[in-house]
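These notes are about the structure you will find just below.
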Amino acid sequence: MTTNHRIALIPGDGIGAEVLPPAQQVLDVLGRRHGFSLSYTSYDWSCERYLREGAMMPADGIDQLRDKDAILLGAVGYPGVPDHVSLWGLLIPIRRSFRQYVNLRPVRVFEGIDSPVRGAQSGEVDLVVVRENAEGEYSEIGGRLNQGTAEELAVQEAVFTRAGVTRIADYAFSLATRRRGKLTSATKSNGIIHTMPFWDELIAERAAEHPGVTWDQEHIDALAAKFVLDPARFDVVVASNLFGDILSDLAAAVAGSIGIAPAANLNPEGDFPSMFEPVHGSAPDIAGQGIANPLGAIWSAAMMLDHLGHPAAAKDITDAIASILAKTDTRTRDLGGAATTAEFTDRLIEFL
């Protein structure tokens with residue numbers, strides 16, 4: 001029997017609606033080859049919907065997604081809608097309602113793509129940032145007082161729990177055992193007196209349960225510098241919500257373009273659907289021109305297939321990405337070429 005996967009599509013805003021169709025094309029090619037099918041349900045949840053109706057998604061939005069096998073997101077963000085509205089109105093409720101506590105962001109320097117970092121060579125830089133995705137610095141606890149006065153203040157509480165740090169540490173150490181056996185923990189325990197020493201203690205506890213992994217920890221400022229100076233030294237990097245967010249975008253820039261970068265928001269236990277999305281954002285400056293780079297969305301789709309139990313199909317996609325970049329000069333504009341989104345997608349499908 002052919003396995004059918006129910007996929008929720010949330011194109012969102014800007015180029016989100018332009019990069020999801022290429023991802024679907026690639027997914028459908030791989031489905032025919034590997035003997036599975038995908039049925040799609042599309043949702044217009046976006047900043048434009050917020051401007052029309054006052055909400056990024058309907059009140060029962062989470063319930064509408066609950067029976068899906070995975071969610072594929074394009075991008076959110078629109079001029080005139082504050083970024084915290086789009087994030088807290090859509091992405092964060094999905095991540096937290098579905099316990100997507102792992103944000104996984106792989107980074108590779110592909111042959112044929114020149115990194116802006118002189119020492120970042122293809123075949124050498126291949127790392128994964130494992131970002132805690134459900135608590136940490138991105139907490140709802142806090143508030144504002146005396147707004148609009150000279151005494152105005154804002155309080156934001158970071159939340160680190162033993163359960164939350166332990167589960168992300170275990171995921172990262174387990175991933176490292178399947179890769180090159182090295183892990184780096186991002187910290188700032190010299191300056192942040194409560195949460196970061198707690199984080200360090202729990203990372204050390206979990207390390208003892210994974211003796212096959214060599215690990216160390218780096219303060220976030222030094223770690224950011226080493227991402228640029230010696231990115232090839234890293235394998236798996238585990239970090240809190242804020243630190244992981246920053247490091248993964250920095251690493252994507254080291255790889256040559258944030259337009260390539262994928263991300264997965266995982267519920268590892270499979271109790272709820274996981275969500276997959278390119279990192280690049282909605283890019284309103286180029287939206288509607290047909291020139292967006294679809295690679296971030298296509299690589300995210302590959303991560304989705306791997307999560308759904310089709311690792312061979314996922315590898316077909318990443319192999320095709322590597323081949324088109326190494327063997328042709330077909331590039332979208334962010335990579336120095338002139339190919340449109342459609343032209344690049346068609347060429348990639350030829351490689352598939």
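Chains: A, B, ... in order of the structure tokens. Residues: from 1 per chain. Ligands: from 1, in order shown.
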
message = Excluding Gln217 (chain A) and its own-chain neighbours fewer than 5 positions away, which residues fall within 10 Å of it when counting only C-alpha atoms? Please give them as a list in words.
response = Leu183, Thr184, Ser185, Ala186, Thr187, Lys188, Asp200, Ile203, Ala204, Leu223, Val237 and Val238 of chain A

If DSSP is run on the backbone, what residues of region 115-230 of chain A are strand (DSSP E or B)? A reply as a tab-separated table (two decimals) with N, CA, C and O atoms, in the first residue's frame would be ideal.
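Ended up saving to part00.tsv:
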```tsv
chain	number	residue	atom	x	y	z
A	126	ASP	N	30.20	21.42	8.00
A	126	ASP	CA	28.98	20.61	8.02
A	126	ASP	C	28.58	20.47	9.48
A	126	ASP	O	29.09	19.60	10.20
A	127	LEU	N	27.69	21.34	9.93
A	127	LEU	CA	27.32	21.36	11.34
A	127	LEU	C	25.81	21.45	11.49
A	127	LEU	O	25.10	21.73	10.52
A	128	VAL	N	25.35	21.22	12.70
A	128	VAL	CA	23.93	21.34	13.01
A	128	VAL	C	23.79	22.13	14.30
A	128	VAL	O	24.43	21.81	15.31
A	129	VAL	N	22.95	23.16	14.26
A	129	VAL	CA	22.60	23.88	15.48
A	129	VAL	C	21.31	23.28	16.02
A	129	VAL	O	20.30	23.22	15.31
A	130	VAL	N	21.37	22.80	17.26
A	130	VAL	CA	20.19	22.27	17.95
A	130	VAL	C	19.75	23.33	18.95
A	130	VAL	O	20.40	23.56	19.97
A	131	ARG	N	18.66	23.98	18.62
A	131	ARG	CA	18.17	25.12	19.41
A	131	ARG	C	16.97	24.70	20.26
A	131	ARG	O	16.03	24.10	19.74
A	132	GLU	N	17.03	25.01	21.55
A	132	GLU	CA	15.86	24.79	22.40
A	132	GLU	C	14.75	25.73	21.92
A	132	GLU	O	14.97	26.91	21.73
A	136	GLY	N	13.24	29.08	27.59
A	136	GLY	CA	14.41	29.94	27.53
A	136	GLY	C	14.08	31.41	27.56
A	136	GLY	O	13.20	31.86	28.29
A	142	GLY	N	6.35	38.36	32.09
A	142	GLY	CA	6.88	39.72	32.17
A	142	GLY	C	5.78	40.72	31.88
A	142	GLY	O	4.60	40.39	31.86
A	143	GLY	N	6.16	41.94	31.66
A	143	GLY	CA	5.17	42.95	31.35
A	143	GLY	C	5.77	44.35	31.31
A	143	GLY	O	6.99	44.52	31.47
A	144	ARG	N	4.92	45.31	31.08
A	144	ARG	CA	5.35	46.71	31.01
A	144	ARG	C	4.53	47.53	32.00
A	144	ARG	O	3.35	47.25	32.23
A	145	LEU	N	5.18	48.51	32.56
A	145	LEU	CA	4.57	49.33	33.60
A	145	LEU	C	4.80	50.80	33.28
A	145	LEU	O	5.87	51.17	32.76
A	153	LEU	N	8.85	51.01	32.37
A	153	LEU	CA	9.80	49.92	32.46
A	153	LEU	C	9.20	48.68	31.81
A	153	LEU	O	7.99	48.52	31.70
A	154	ALA	N	10.11	47.80	31.35
A	154	ALA	CA	9.71	46.52	30.76
A	154	ALA	C	10.49	45.42	31.46
A	154	ALA	O	11.70	45.55	31.68
A	155	VAL	N	9.80	44.34	31.82
A	155	VAL	CA	10.42	43.20	32.48
A	155	VAL	C	10.16	41.96	31.64
A	155	VAL	O	9.02	41.68	31.25
A	156	GLN	N	11.22	41.23	31.35
A	156	GLN	CA	11.11	39.99	30.56
A	156	GLN	C	11.83	38.89	31.32
A	156	GLN	O	13.01	39.00	31.64
A	159	VAL	N	12.94	31.61	31.13
A	159	VAL	CA	12.46	30.42	31.85
A	159	VAL	C	13.26	29.20	31.37
A	159	VAL	O	13.21	28.84	30.19
A	182	LYS	N	30.93	14.92	18.25
A	182	LYS	CA	31.40	16.13	18.92
A	182	LYS	C	30.23	17.06	19.20
A	182	LYS	O	29.35	17.23	18.35
A	183	LEU	N	30.24	17.66	20.38
A	183	LEU	CA	29.17	18.58	20.75
A	183	LEU	C	29.75	19.80	21.45
A	183	LEU	O	30.67	19.67	22.27
A	184	THR	N	29.21	20.96	21.12
A	184	THR	CA	29.57	22.21	21.79
A	184	THR	C	28.31	22.82	22.38
A	184	THR	O	27.28	22.93	21.69
A	185	SER	N	28.38	23.21	23.63
A	185	SER	CA	27.25	23.86	24.30
A	185	SER	C	27.51	25.36	24.38
A	185	SER	O	28.57	25.80	24.84
A	186	ALA	N	26.53	26.14	23.93
A	186	ALA	CA	26.62	27.60	23.99
A	186	ALA	C	26.14	28.08	25.36
A	186	ALA	O	25.06	27.69	25.81
A	187	THR	N	26.91	28.93	26.01
A	187	THR	CA	26.55	29.40	27.34
A	187	THR	C	26.95	30.87	27.49
A	187	THR	O	27.52	31.48	26.57
A	214	THR	N	32.47	13.56	22.58
A	214	THR	CA	33.40	14.55	23.11
A	214	THR	C	32.71	15.90	23.12
A	214	THR	O	32.16	16.32	22.09
A	215	TRP	N	32.74	16.58	24.25
A	215	TRP	CA	32.00	17.84	24.31
A	215	TRP	C	32.78	18.92	25.01
A	215	TRP	O	33.73	18.66	25.75
A	216	ASP	N	32.38	20.15	24.74
A	216	ASP	CA	32.93	21.31	25.43
A	216	ASP	C	31.85	22.38	25.50
A	216	ASP	O	30.74	22.19	24.99
A	217	GLN	N	32.15	23.48	26.15
A	217	GLN	CA	31.22	24.60	26.16
A	217	GLN	C	31.97	25.88	25.85
A	217	GLN	O	33.16	26.01	26.12
A	218	GLU	N	31.26	26.80	25.22
A	218	GLU	CA	31.85	28.07	24.80
A	218	GLU	C	30.90	29.20	25.18
A	218	GLU	O	29.68	29.08	25.00
A	219	HIS	N	31.44	30.28	25.68
A	219	HIS	CA	30.62	31.47	25.90
A	219	HIS	C	30.17	32.00	24.54
A	219	HIS	O	30.91	31.99	23.56
```

ask   = Which of these residues is nearest to Phe98 (chain A), using only C-alpha atoms: A:Ala232, A:Ile71, A:Val117, A:Val254?
value = A:Ile71

ask   = Smallest atom-to-atom distance to Asp316 (chain A): which of A:Ala75, A:Ile92, A:Cys47, A:Ile298, using only C-alpha atoms?
value = A:Ile298

key: Residues near Val165 (chain A), cut-off 8 Å, only C-alpha atoms, skip fewer than 3 positions along chain, as a PyMOL selection string   = chain A and resi 132+160-162+168-169+199+202-203

ask   = So how many Å separate CA of Arg105 (chain A) and CA of Thr318 (chain A), to one decimal?
value =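 Straight-line distance from CA of Arg105 (chain A) to CA of Thr318 (chain A) works out to 14.2 Å.
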
key: Backbone DSSP call of helix (DSSP H, G or I) for region 126-279 of chain A, listed as a VMD selection string   = chain A and resid 162 to 178 195 to 207 220 to 229 231 to 233 241 to 254 258 to 260

request  = Kindly indicate which residue among A:Ser189, A:Tyr101, A:Ala224, A:Leu295 lies nearest to Asn265 (chain A), using only C-alpha atoms for the distances.
outcome  =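 Looking at the shortest contact to Asn265 (chain A), the residue is A:Tyr101.
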
Residue among A:Ile15, A:Ala264, A:Ala255, A:Ala320 lying closest to Gly123 (chain A), counting only C-alpha atoms =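 Nearest candidate to Gly123 (chain A) out of A:Ile15, A:Ala264, A:Ala255, A:Ala320: A:Ala255.
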
Which of A:Lys315, A:Arg347, A:Arg95, A:Arg32 sits closest to Lys327 (chain A) [using only C-alpha atoms] =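 Smallest separation from Lys327 (chain A) among the options: A:Arg347.
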
task = Return the single residue from A:Asp67, A:Glu277, A:Asp230, A:Glu135 that is closest to Ala23 (chain A), with distances computed using only C-alpha atoms.
result = A:Glu277

key: Contacts of Pro11 (chain A) within 12 Å, only C-alpha atoms, excl. fewer than 3 positions in-chain, as an MDAnalysis selection string   = chainID A and resid 8 14:24 40:49 71:77 276:278 281:282 297
